[in-house]
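Here is my_file-v7.cif, consisting of mmCIF, C-alpha atoms:
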```
data_entry
#
loop_
_atom_site.label_atom_id
_atom_site.label_comp_id
_atom_site.auth_asym_id
_atom_site.auth_seq_id
_atom_site.Cartn_x
_atom_site.Cartn_y
_atom_site.Cartn_z
CA PHE Q 9 -27.62 7.46 -80.41
CA ARG Q 10 -31.06 5.97 -79.92
CA GLN Q 11 -31.32 7.33 -76.38
CA THR Q 12 -30.17 10.78 -77.55
CA VAL Q 13 -32.72 11.00 -80.35
CA ALA Q 14 -35.50 9.84 -78.03
CA ALA Q 15 -34.57 12.58 -75.55
CA LEU Q 16 -34.52 15.20 -78.32
CA VAL Q 17 -38.15 14.45 -79.19
CA GLY Q 18 -39.38 14.10 -75.62
CA ALA Q 19 -39.69 10.33 -75.78
CA ASP Q 20 -37.98 7.20 -74.51
CA LEU Q 21 -37.11 3.72 -75.74
CA GLU Q 22 -40.00 2.11 -73.88
CA GLY Q 23 -42.81 3.77 -75.80
CA GLY Q 24 -40.96 3.61 -79.10
CA ASP Q 25 -37.64 3.11 -80.84
CA VAL Q 26 -35.25 4.97 -83.13
CA ALA Q 27 -34.07 4.17 -86.64
CA TRP Q 28 -31.17 5.98 -88.30
CA TYR Q 29 -31.01 7.09 -91.93
CA SER Q 30 -28.72 9.14 -94.12
CA SER Q 31 -31.31 11.93 -94.45
CA GLY Q 32 -34.76 13.02 -93.43
CA SER Q 33 -36.04 12.24 -96.92
CA GLU Q 34 -34.89 8.64 -96.62
CA ALA Q 35 -36.58 8.37 -93.23
CA LEU Q 36 -39.90 9.63 -94.63
CA SER Q 37 -39.70 7.29 -97.62
CA SER Q 38 -38.98 4.31 -95.40
CA VAL Q 39 -41.88 5.00 -93.04
CA LEU Q 40 -44.46 5.72 -95.75
CA SER Q 41 -43.58 2.56 -97.67
CA SER Q 42 -45.59 0.54 -95.13
CA LEU Q 43 -48.61 2.84 -95.06
CA SER Q 44 -51.49 3.37 -97.46
CA GLY Q 45 -54.84 5.12 -97.85
CA ARG Q 46 -55.60 8.84 -97.60
CA LEU Q 47 -52.69 11.10 -96.69
CA VAL Q 48 -53.32 14.64 -95.47
CA THR Q 49 -50.46 17.10 -95.71
CA VAL Q 50 -49.92 20.83 -96.29
CA GLU Q 51 -48.87 22.64 -99.41
CA SER Q 52 -46.03 24.36 -97.52
CA HIS Q 53 -44.23 21.11 -96.71
CA PHE Q 54 -40.56 21.06 -97.77
CA PRO Q 55 -40.21 20.09 -101.48
CA SER Q 56 -38.47 16.81 -100.66
CA ALA Q 57 -41.51 15.67 -98.68
CA HIS Q 58 -43.73 16.72 -101.57
CA TYR Q 59 -41.76 14.45 -103.91
CA VAL Q 60 -41.83 11.57 -101.42
CA HIS Q 61 -45.61 11.94 -101.02
CA GLU Q 62 -46.11 11.89 -104.80
CA HIS Q 63 -43.94 8.80 -105.16
CA TRP Q 64 -45.81 7.12 -102.31
CA ALA Q 65 -49.19 7.79 -103.95
CA LEU Q 66 -47.96 6.47 -107.29
CA ARG Q 67 -46.68 3.22 -105.78
CA SER Q 68 -49.39 2.58 -103.19
CA GLY Q 69 -52.43 3.96 -104.99
CA GLY Q 70 -52.97 6.31 -102.06
CA GLN Q 71 -54.69 9.68 -102.18
CA ILE Q 72 -53.12 12.99 -101.15
CA HIS Q 73 -55.01 15.97 -99.77
CA ARG Q 74 -52.94 19.16 -99.43
CA VAL Q 75 -54.20 21.87 -97.11
CA PRO Q 76 -53.53 25.34 -98.59
CA LEU Q 77 -52.15 28.34 -96.77
CA ASP Q 78 -54.47 31.19 -95.90
CA GLY Q 79 -54.57 34.54 -97.70
CA ASN Q 80 -51.56 35.76 -95.73
CA GLY Q 81 -49.46 32.73 -96.58
CA VAL Q 82 -49.90 31.25 -93.12
CA LEU Q 83 -50.52 27.62 -92.27
CA ARG Q 84 -53.46 27.41 -89.88
CA THR Q 85 -53.70 24.34 -87.66
CA GLU Q 86 -57.49 24.57 -87.63
CA ALA Q 87 -57.54 24.32 -91.44
CA LEU Q 88 -55.46 21.16 -91.21
CA VAL Q 89 -57.81 19.67 -88.62
CA ASP Q 90 -60.83 20.54 -90.78
CA ALA Q 91 -59.32 18.46 -93.61
CA LEU Q 92 -59.20 15.30 -91.48
CA ASP Q 93 -61.94 12.70 -91.74
CA ALA Q 94 -62.64 9.05 -90.99
CA GLU Q 95 -60.92 8.01 -94.24
CA THR Q 96 -57.63 9.66 -93.28
CA THR Q 97 -54.91 7.09 -92.57
CA VAL Q 98 -51.77 9.27 -92.56
CA VAL Q 99 -51.16 12.85 -91.47
CA SER Q 100 -47.73 13.85 -92.79
CA VAL Q 101 -46.90 17.41 -91.80
CA PRO Q 102 -44.00 19.66 -90.82
CA HIS Q 103 -43.81 20.92 -87.26
CA GLY Q 104 -42.49 24.24 -88.53
CA ASP Q 105 -42.89 25.96 -91.90
CA TYR Q 106 -39.40 26.08 -93.43
CA ARG Q 107 -40.11 29.47 -95.04
CA THR Q 108 -41.89 31.37 -92.29
CA GLY Q 109 -41.00 29.51 -89.09
CA ILE Q 110 -44.68 29.31 -88.12
CA LEU Q 111 -45.36 26.27 -85.95
CA LEU Q 112 -48.27 23.87 -85.95
CA ASP Q 113 -50.23 23.71 -82.71
CA LEU Q 114 -49.47 20.08 -81.87
CA ARG Q 115 -52.01 19.93 -79.05
CA GLU Q 116 -54.81 21.11 -81.33
CA LEU Q 117 -53.70 18.69 -84.05
CA THR Q 118 -53.59 15.79 -81.58
CA ARG Q 119 -57.10 16.56 -80.32
CA GLY Q 120 -58.37 16.84 -83.89
CA MET Q 121 -56.87 13.50 -84.90
CA ALA Q 122 -58.34 11.80 -81.82
CA GLN Q 123 -61.79 13.04 -82.77
CA ARG Q 124 -61.71 12.70 -86.56
CA CYS Q 125 -59.23 9.94 -87.44
CA PRO Q 126 -58.13 8.13 -84.25
CA GLU Q 127 -56.47 5.26 -86.15
CA ALA Q 128 -54.39 7.50 -88.43
CA VAL Q 129 -50.61 7.66 -88.16
CA LEU Q 130 -49.06 11.07 -87.49
CA VAL Q 131 -45.76 11.51 -89.35
CA LEU Q 132 -44.35 14.70 -87.86
CA ASP Q 133 -41.42 16.23 -89.73
CA ALA Q 134 -39.47 18.04 -87.01
CA TYR Q 135 -36.38 18.63 -89.13
CA GLN Q 136 -36.83 22.40 -88.82
CA THR Q 137 -37.41 22.43 -85.07
CA VAL Q 138 -35.65 19.54 -83.32
CA GLY Q 139 -32.87 20.90 -81.14
CA SER Q 140 -34.49 24.31 -80.70
CA PHE Q 141 -38.01 23.48 -79.56
CA PRO Q 142 -39.17 21.07 -76.83
CA ILE Q 143 -41.26 18.28 -78.35
CA ALA Q 144 -43.22 15.90 -76.14
CA ALA Q 145 -43.87 12.69 -78.04
CA SER Q 146 -45.82 11.37 -75.07
CA GLU Q 147 -48.43 14.09 -75.60
CA LEU Q 148 -49.02 13.21 -79.25
CA SER Q 149 -51.03 10.42 -80.84
CA PRO Q 150 -50.04 6.88 -79.76
CA ARG Q 151 -49.53 6.29 -83.49
CA THR Q 152 -46.76 8.81 -84.07
CA VAL Q 153 -43.51 8.99 -86.02
CA ILE Q 154 -41.18 11.95 -85.47
CA LEU Q 155 -38.60 12.65 -88.16
CA GLY Q 156 -35.51 14.81 -87.89
CA GLY Q 157 -31.90 15.29 -88.86
CA GLY Q 158 -28.66 16.74 -87.62
CA GLN Q 159 -28.00 19.49 -90.13
CA LEU Q 160 -29.85 22.51 -88.73
CA HIS Q 161 -30.15 23.39 -85.04
CA LEU Q 162 -28.14 20.38 -83.88
CA ARG Q 163 -25.17 21.45 -86.07
CA ALA Q 164 -24.16 17.83 -86.59
CA GLY Q 165 -23.73 18.17 -90.35
CA THR Q 166 -25.15 16.16 -93.19
CA GLY Q 167 -25.47 12.41 -93.51
CA ILE Q 168 -27.72 11.82 -90.54
CA GLY Q 169 -31.49 11.54 -90.39
CA PHE Q 170 -33.63 9.67 -87.91
CA ALA Q 171 -37.13 8.53 -87.04
CA TRP Q 172 -38.58 7.88 -83.61
CA LEU Q 173 -41.50 5.47 -84.04
CA SER Q 174 -44.07 4.64 -81.40
CA ARG Q 175 -44.58 0.96 -80.55
CA ASP Q 176 -47.98 1.05 -82.22
CA VAL Q 177 -46.47 2.21 -85.51
CA LEU Q 178 -43.59 -0.25 -85.26
CA GLY Q 179 -46.15 -3.03 -85.12
CA ARG Q 180 -47.54 -1.88 -88.48
CA ILE Q 181 -44.25 -1.34 -90.30
CA ARG Q 182 -43.19 -3.96 -92.84
CA PRO Q 183 -39.74 -3.14 -94.24
CA ASP Q 184 -39.50 -2.92 -98.03
CA ARG Q 185 -35.73 -3.30 -97.95
CA VAL Q 186 -33.33 -5.23 -95.78
CA GLY Q 187 -29.65 -5.72 -95.06
CA TRP Q 188 -27.49 -7.62 -92.65
CA TRP Q 189 -27.97 -5.02 -89.89
CA ALA Q 190 -31.71 -5.69 -89.92
CA HIS Q 191 -31.06 -9.25 -88.76
CA GLN Q 192 -31.75 -10.27 -85.19
CA ASP Q 193 -28.11 -11.31 -84.85
CA PRO Q 194 -26.17 -9.73 -87.72
CA PHE Q 195 -22.79 -11.09 -86.68
CA ALA Q 196 -24.10 -14.64 -86.85
CA LEU Q 197 -23.80 -14.22 -90.65
CA ASP Q 198 -26.79 -16.52 -91.05
CA HIS Q 199 -27.63 -17.52 -94.63
CA GLY Q 200 -31.16 -18.67 -93.79
CA PRO Q 201 -34.38 -16.60 -93.93
CA ILE Q 202 -33.93 -13.27 -92.23
CA ARG Q 203 -35.04 -13.02 -88.62
CA TYR Q 204 -35.78 -9.35 -88.01
CA GLY Q 205 -34.34 -7.61 -85.01
CA ALA Q 206 -36.53 -6.13 -82.31
CA GLY Q 207 -38.04 -2.65 -82.45
CA ALA Q 208 -36.77 -0.32 -85.13
CA SER Q 209 -33.76 -2.51 -85.92
CA LYS Q 210 -35.86 -4.20 -88.61
CA LEU Q 211 -35.68 -0.93 -90.55
CA ARG Q 212 -31.89 -1.07 -90.83
CA THR Q 213 -30.05 -2.11 -93.96
CA GLY Q 214 -26.28 -2.17 -94.18
CA THR Q 215 -23.47 -1.01 -91.93
CA PRO Q 216 -24.24 2.51 -90.64
CA ALA Q 217 -22.02 5.53 -91.18
CA LEU Q 218 -20.73 5.90 -87.64
CA LEU Q 219 -19.21 9.39 -87.82
CA PRO Q 220 -22.55 11.18 -88.50
CA LEU Q 221 -24.15 9.24 -85.63
CA LEU Q 222 -21.31 10.20 -83.31
CA SER Q 223 -21.47 13.82 -84.47
CA LEU Q 224 -25.14 14.12 -83.51
CA VAL Q 225 -24.58 12.52 -80.11
CA THR Q 226 -21.65 14.87 -79.43
CA GLU Q 227 -23.56 18.00 -80.43
CA ALA Q 228 -26.50 16.93 -78.27
CA ARG Q 229 -24.14 16.60 -75.31
CA VAL Q 230 -22.81 20.10 -75.96
CA LEU Q 231 -26.38 21.40 -76.11
CA ALA Q 232 -27.25 19.60 -72.89
CA SER Q 233 -24.29 21.22 -71.13
CA SER Q 234 -26.18 24.53 -71.07
CA GLY Q 235 -28.74 22.81 -68.87
CA ARG Q 236 -26.15 21.15 -66.66
CA GLY Q 237 -26.39 17.95 -68.63
CA ASP Q 238 -30.19 17.86 -68.85
CA LEU Q 239 -31.15 17.93 -72.54
CA ALA Q 240 -34.83 18.67 -71.84
CA SER Q 241 -33.92 21.71 -69.73
CA SER Q 242 -31.53 22.93 -72.42
CA LEU Q 243 -34.23 22.70 -75.08
CA ARG Q 244 -36.63 24.73 -72.93
CA MET Q 245 -33.93 27.35 -72.36
CA SER Q 246 -33.21 27.47 -76.09
CA ARG Q 247 -36.86 27.99 -76.94
CA ALA Q 248 -37.25 30.71 -74.32
CA ARG Q 249 -34.24 32.56 -75.70
CA ILE Q 250 -35.48 32.29 -79.29
CA ALA Q 251 -38.95 33.52 -78.25
CA THR Q 252 -37.35 36.54 -76.57
CA GLN Q 253 -35.33 37.36 -79.67
CA ILE Q 254 -38.42 37.08 -81.88
CA ALA Q 255 -40.36 39.38 -79.54
CA ASP Q 256 -37.53 41.94 -79.70
CA VAL Q 257 -37.55 41.88 -83.50
CA VAL Q 258 -41.34 42.26 -83.67
CA GLU Q 259 -41.24 45.16 -81.21
CA ALA Q 260 -38.50 46.89 -83.18
CA ALA Q 261 -40.40 46.39 -86.44
CA ASN Q 262 -43.52 47.97 -84.97
#
```
Written as structure tokens, how would this file's structure read?
Amino acid sequence: FRQTVAALVGADLEGGDVAWYSSGSEALSSVLSSLSGRLVTVESHFPSAHYVHEHWALRSGGQIHRVPLDGNGVLRTEALVDALDAETTVVSVPHGDYRTGILLDLRELTRGMAQRCPEAVLVLDAYQTVGSFPIAASELSPRTVILGGGQLHLRAGTGIGFAWLSRDVLGRIRPDRVGWWAHQDPFALDHGPIRYGAGASKLRTGTPALLPLLSLVTEARVLASSGRGDLASSLRMSRARIATQIADVVEAAN
């Protein structure tokens, strides 16, 4: 499962690790619980993220800056970059607008963060795009978290969310909840102080729901079959096909 998710977001298990959750909302809540400061987001983020951000600010004392849409209801990446400053510690944004499908320019955002807030953590919500758009985690900030789930393009159903966290971010994360699966050796059934597992395993709690995990892995294998087993190739093919369909619709509308 961890290898599959890493491949879906253009990453590996050397530069980061994967934590599983029951939903994307739970993943966002878990990651933000260890962060503080000034959070920049966009007003078109999915409502669940909006609620999580508000709860985070209330508990941490953090500040939220929401970048508005332009006069045409479009999210402009340059407007998001303009809102960043040296006080920004978290950039929590969706890769794709859930209402319009408009995508952020990740390269422009990455350059802007490097110039304006190089120590900030990018929390990229790719729930709307993972499985249909090639994402290259290696081209983003070294302090990146990529969130997703299995319900939309991956067709793996509900009950599965995930977060790929870069090693830099994993070093900053301090879990605010634990369970026996977060232990370094859970089956030792140790009653002493918890010894956290390596990587993202410290973010685990109790026994995972295995069927949703298996469902996502299976659907990813089906998707990869269109690229002769290469998931990255399949994602590029999927994006090319979607782009062609969009172009056909635009041409017909004009």
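Residues in contact with range 52-62 of chain Q at 9 Å, where all atoms listed in the file are counted and same-chain residues fewer than 6 positions away are skipped, are listed as Gly32, Ser33, Glu34, Leu36, Ser37, Leu40, Ile72, Arg74, Val75, Pro76, Leu77, Leu83, Ser100, Val101, Pro102, Gly104, Asp105, Tyr106, Arg107 and Asp133 of chain Q.
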Limited to C-alpha atoms, could you put the picked residues into a file as a JSON list (two decimals), in the frame of the given file?
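Okay, out_1.json is ready:
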```
[["chain", "number", "residue", "atom", "x", "y", "z"],
["Q", 32, "GLY", "CA", -34.76, 13.02, -93.43],
["Q", 33, "SER", "CA", -36.04, 12.24, -96.92],
["Q", 34, "GLU", "CA", -34.89, 8.64, -96.62],
["Q", 36, "LEU", "CA", -39.90, 9.63, -94.63],
["Q", 37, "SER", "CA", -39.70, 7.29, -97.62],
["Q", 40, "LEU", "CA", -44.46, 5.72, -95.75],
["Q", 72, "ILE", "CA", -53.12, 12.99, -101.15],
["Q", 74, "ARG", "CA", -52.94, 19.16, -99.43],
["Q", 75, "VAL", "CA", -54.20, 21.87, -97.11],
["Q", 76, "PRO", "CA", -53.53, 25.34, -98.59],
["Q", 77, "LEU", "CA", -52.15, 28.34, -96.77],
["Q", 83, "LEU", "CA", -50.52, 27.62, -92.27],
["Q", 100, "SER", "CA", -47.73, 13.85, -92.79],
["Q", 101, "VAL", "CA", -46.90, 17.41, -91.80],
["Q", 102, "PRO", "CA", -44.00, 19.66, -90.82],
["Q", 104, "GLY", "CA", -42.49, 24.24, -88.53],
["Q", 105, "ASP", "CA", -42.89, 25.96, -91.90],
["Q", 106, "TYR", "CA", -39.40, 26.08, -93.43],
["Q", 107, "ARG", "CA", -40.11, 29.47, -95.04],
["Q", 133, "ASP", "CA", -41.42, 16.23, -89.73]]
```
- Calculate how many Å separate CA of Arg10 in chain Q from CA of Val153 in chain Q, rounding to one decimal. 14.2 Å
- Task: Using CA of Arg115 in chain Q and CA of Val230 in chain Q as the two end points, give the distance in Å to one decimal.
- Result: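 Those two atoms sit 29.4 Å apart.
Using all atoms listed in the file, the smallest distance between any of Q:Ile110, Q:Ala190, Q:Ala87, Q:Leu21 and Ile202 in chain Q comes from Q:Ala190.
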- Message: Could you check the closest approach to Tyr29 in chain Q for each of Q:Pro150, Q:Gly79, Q:Gly165, Q:Gly156 and tell me which residue wins, using all atoms listed in the file?
- Response: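 Once distances to Tyr29 in chain Q are computed over all atoms listed in the file, the minimum belongs to Q:Gly156.
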- Query: Nearest to Gln11 in chain Q: which of Q:Glu147, Q:Glu116, Q:Asp25, Q:Glu86 is it, counting only C-alpha atoms?
  - Reply: Q:Asp25
- So how far away is CA of Thr85 in chain Q from CA of Gln71 in chain Q, in Å? 20.7 Å
- Could you check which of Q:Arg163, Q:Arg249, Q:Arg175, Q:Arg182 is closest to Ala228 in chain Q, using all atoms listed in the file? Q:Arg163
- Item | Leu178 in chain Q environment, 10 Å, all atoms listed in the file, sequence neighbours closer than 6 positions dropped, as a list of chain:residue names |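 Surrounding residues, per the criterion: Q:Gly24, Q:Asp25, Q:Val39, Q:Arg151, Q:Thr152, Q:Val153, Q:Trp172, Q:Ala206, Q:Gly207, Q:Ala208, Q:Lys210, Q:Leu211.
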- Message: Please determine, counting only C-alpha atoms, which residue among Q:Leu47, Q:His191, Q:Gly179, Q:Glu95 has the shortest atom-to-atom distance to Pro126 in chain Q.
- Response: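 Answer, going by the shortest atom-to-atom distance: Q:Glu95.
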- Of the listed residues Q:Glu51, Q:Gly235, Q:Arg244, Q:Ala171, that which approaches Asp78 in chain Q most closely, counting all atoms listed in the file: Q:Glu51
- Spatial neighbours of Val99 in chain Q, 7 Å, only C-alpha atoms, chain gap at least 6 places, as a list of chain:residue names: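 Neighbouring residues, sequence-local ones excluded: Q:Leu47, Q:Val48, Q:Thr49, Q:Ala128, Q:Val129, Q:Leu130, Q:Val131.
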Can you sort out the box for range 222-237 of chain Q, edges along x, y and z, all listed atoms in, 6 Å on every side, with centre and edge lengths in Å to one decimal, as lines of an AutoDock Vina configuration file?
```
center_x = -25.0
center_y = 17.4
center_z = -75.6
size_x = 19.4
size_y = 26.3
size_z = 29.8
```
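When the PyMOL selection byres ((chain Q and resi 43) around 9) is evaluated against the file, it yields Val39, Leu40, Ser41, Ser42, Ser44, Gly45, Trp64, Ser68, Gly70, Thr97, Val98, Val129, Arg180, Ile181 and Arg182 of chain Q.
The environment of Phe141 in chain Q within 6 Å, counting all atoms listed in the file and disregarding residues fewer than 4 places along the same chain, consists of Thr137, Leu243 and Arg247 of chain Q.
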- List, as a ChimeraX atom specification, every residue that the PyMOL selection byres ((chain Q and resi 222) around 12) selects in the file provided. /Q:9-10,12-13,28,158,164-165,167-168,216-221,223-229
- Do you know which residues the PyMOL selection byres ((chain Q and resi 144) around 7) returns on this file, as a PyMOL selection string? chain Q and resi 17-19+142-143+145-147
- Message: Can you tell me which residues surround His199 in chain Q at a distance of at most 12 Å, considering all atoms listed in the file, apart from same-chain residues fewer than 5 positions away, and format the answer as a list in words?
- Response: Gly187, Trp188, His191, Asp193 and Pro194 of chain Q
Place all heavy atoms on range 41-52 of chain Q and deliver the coordinates as a short mmCIF file (atom, residue, chain, number, x, y, z; two decimals), in the coordinates of the input.
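Dumped to selection21.cif:
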```
data_model
loop_
_atom_site.label_atom_id
_atom_site.label_comp_id
_atom_site.auth_asym_id
_atom_site.auth_seq_id
_atom_site.Cartn_x
_atom_site.Cartn_y
_atom_site.Cartn_z
N SER Q 41 -43.51 3.75 -96.83
CA SER Q 41 -43.58 2.56 -97.67
C SER Q 41 -44.49 1.48 -97.08
O SER Q 41 -44.97 0.61 -97.81
CB SER Q 41 -42.18 1.99 -97.90
OG SER Q 41 -41.63 1.47 -96.69
N SER Q 42 -44.74 1.53 -95.77
CA SER Q 42 -45.59 0.54 -95.13
C SER Q 42 -47.01 1.04 -94.89
O SER Q 42 -47.83 0.33 -94.30
CB SER Q 42 -44.99 0.10 -93.79
OG SER Q 42 -43.79 -0.61 -93.97
N LEU Q 43 -47.30 2.25 -95.32
CA LEU Q 43 -48.61 2.84 -95.06
C LEU Q 43 -49.37 3.05 -96.37
O LEU Q 43 -48.77 3.11 -97.45
CB LEU Q 43 -48.45 4.18 -94.33
CG LEU Q 43 -47.66 4.12 -93.01
CD1 LEU Q 43 -47.47 5.52 -92.43
CD2 LEU Q 43 -48.36 3.22 -92.00
N SER Q 44 -50.66 3.18 -96.27
CA SER Q 44 -51.49 3.37 -97.46
C SER Q 44 -52.75 4.14 -97.09
O SER Q 44 -52.99 4.43 -95.92
CB SER Q 44 -51.86 2.01 -98.07
OG SER Q 44 -52.59 1.23 -97.13
N GLY Q 45 -53.56 4.47 -98.11
CA GLY Q 45 -54.84 5.12 -97.85
C GLY Q 45 -54.86 6.58 -98.22
O GLY Q 45 -54.32 6.99 -99.25
N ARG Q 46 -55.46 7.39 -97.36
CA ARG Q 46 -55.60 8.84 -97.60
C ARG Q 46 -54.60 9.59 -96.74
O ARG Q 46 -54.65 9.51 -95.51
CB ARG Q 46 -57.02 9.31 -97.28
CG ARG Q 46 -57.25 10.80 -97.51
CD ARG Q 46 -58.68 11.19 -97.19
NE ARG Q 46 -58.99 12.56 -97.59
CZ ARG Q 46 -59.03 13.60 -96.74
NH1 ARG Q 46 -58.80 13.42 -95.44
NH2 ARG Q 46 -59.32 14.82 -97.17
N LEU Q 47 -53.73 10.33 -97.38
CA LEU Q 47 -52.69 11.10 -96.69
C LEU Q 47 -53.06 12.58 -96.73
O LEU Q 47 -53.30 13.14 -97.80
CB LEU Q 47 -51.34 10.86 -97.34
CG LEU Q 47 -50.11 11.54 -96.72
CD1 LEU Q 47 -48.86 10.66 -96.94
CD2 LEU Q 47 -49.85 12.92 -97.32
N VAL Q 48 -53.08 13.20 -95.56
CA VAL Q 48 -53.32 14.64 -95.47
C VAL Q 48 -52.00 15.33 -95.15
O VAL Q 48 -51.29 14.93 -94.22
CB VAL Q 48 -54.38 14.96 -94.39
CG1 VAL Q 48 -54.51 16.47 -94.22
CG2 VAL Q 48 -55.71 14.34 -94.75
N THR Q 49 -51.68 16.34 -95.92
CA THR Q 49 -50.46 17.10 -95.71
C THR Q 49 -50.77 18.57 -95.95
O THR Q 49 -51.94 18.96 -96.02
CB THR Q 49 -49.33 16.60 -96.62
OG1 THR Q 49 -48.11 17.29 -96.31
CG2 THR Q 49 -49.66 16.80 -98.09
N VAL Q 50 -49.74 19.40 -96.06
CA VAL Q 50 -49.92 20.83 -96.29
C VAL Q 50 -49.09 21.26 -97.48
O VAL Q 50 -48.03 20.68 -97.75
CB VAL Q 50 -49.52 21.66 -95.04
CG1 VAL Q 50 -50.44 21.33 -93.86
CG2 VAL Q 50 -48.08 21.39 -94.65
N GLU Q 51 -49.56 22.25 -98.20
CA GLU Q 51 -48.87 22.64 -99.41
C GLU Q 51 -47.52 23.31 -99.13
O GLU Q 51 -46.68 23.43 -100.03
CB GLU Q 51 -49.74 23.57 -100.26
CG GLU Q 51 -49.99 24.94 -99.66
CD GLU Q 51 -50.75 25.86 -100.61
OE1 GLU Q 51 -51.39 25.35 -101.55
OE2 GLU Q 51 -50.70 27.08 -100.41
N SER Q 52 -47.29 23.71 -97.87
CA SER Q 52 -46.03 24.36 -97.52
C SER Q 52 -44.98 23.40 -97.00
O SER Q 52 -43.95 23.82 -96.48
CB SER Q 52 -46.29 25.44 -96.47
OG SER Q 52 -46.89 24.89 -95.31
#
```
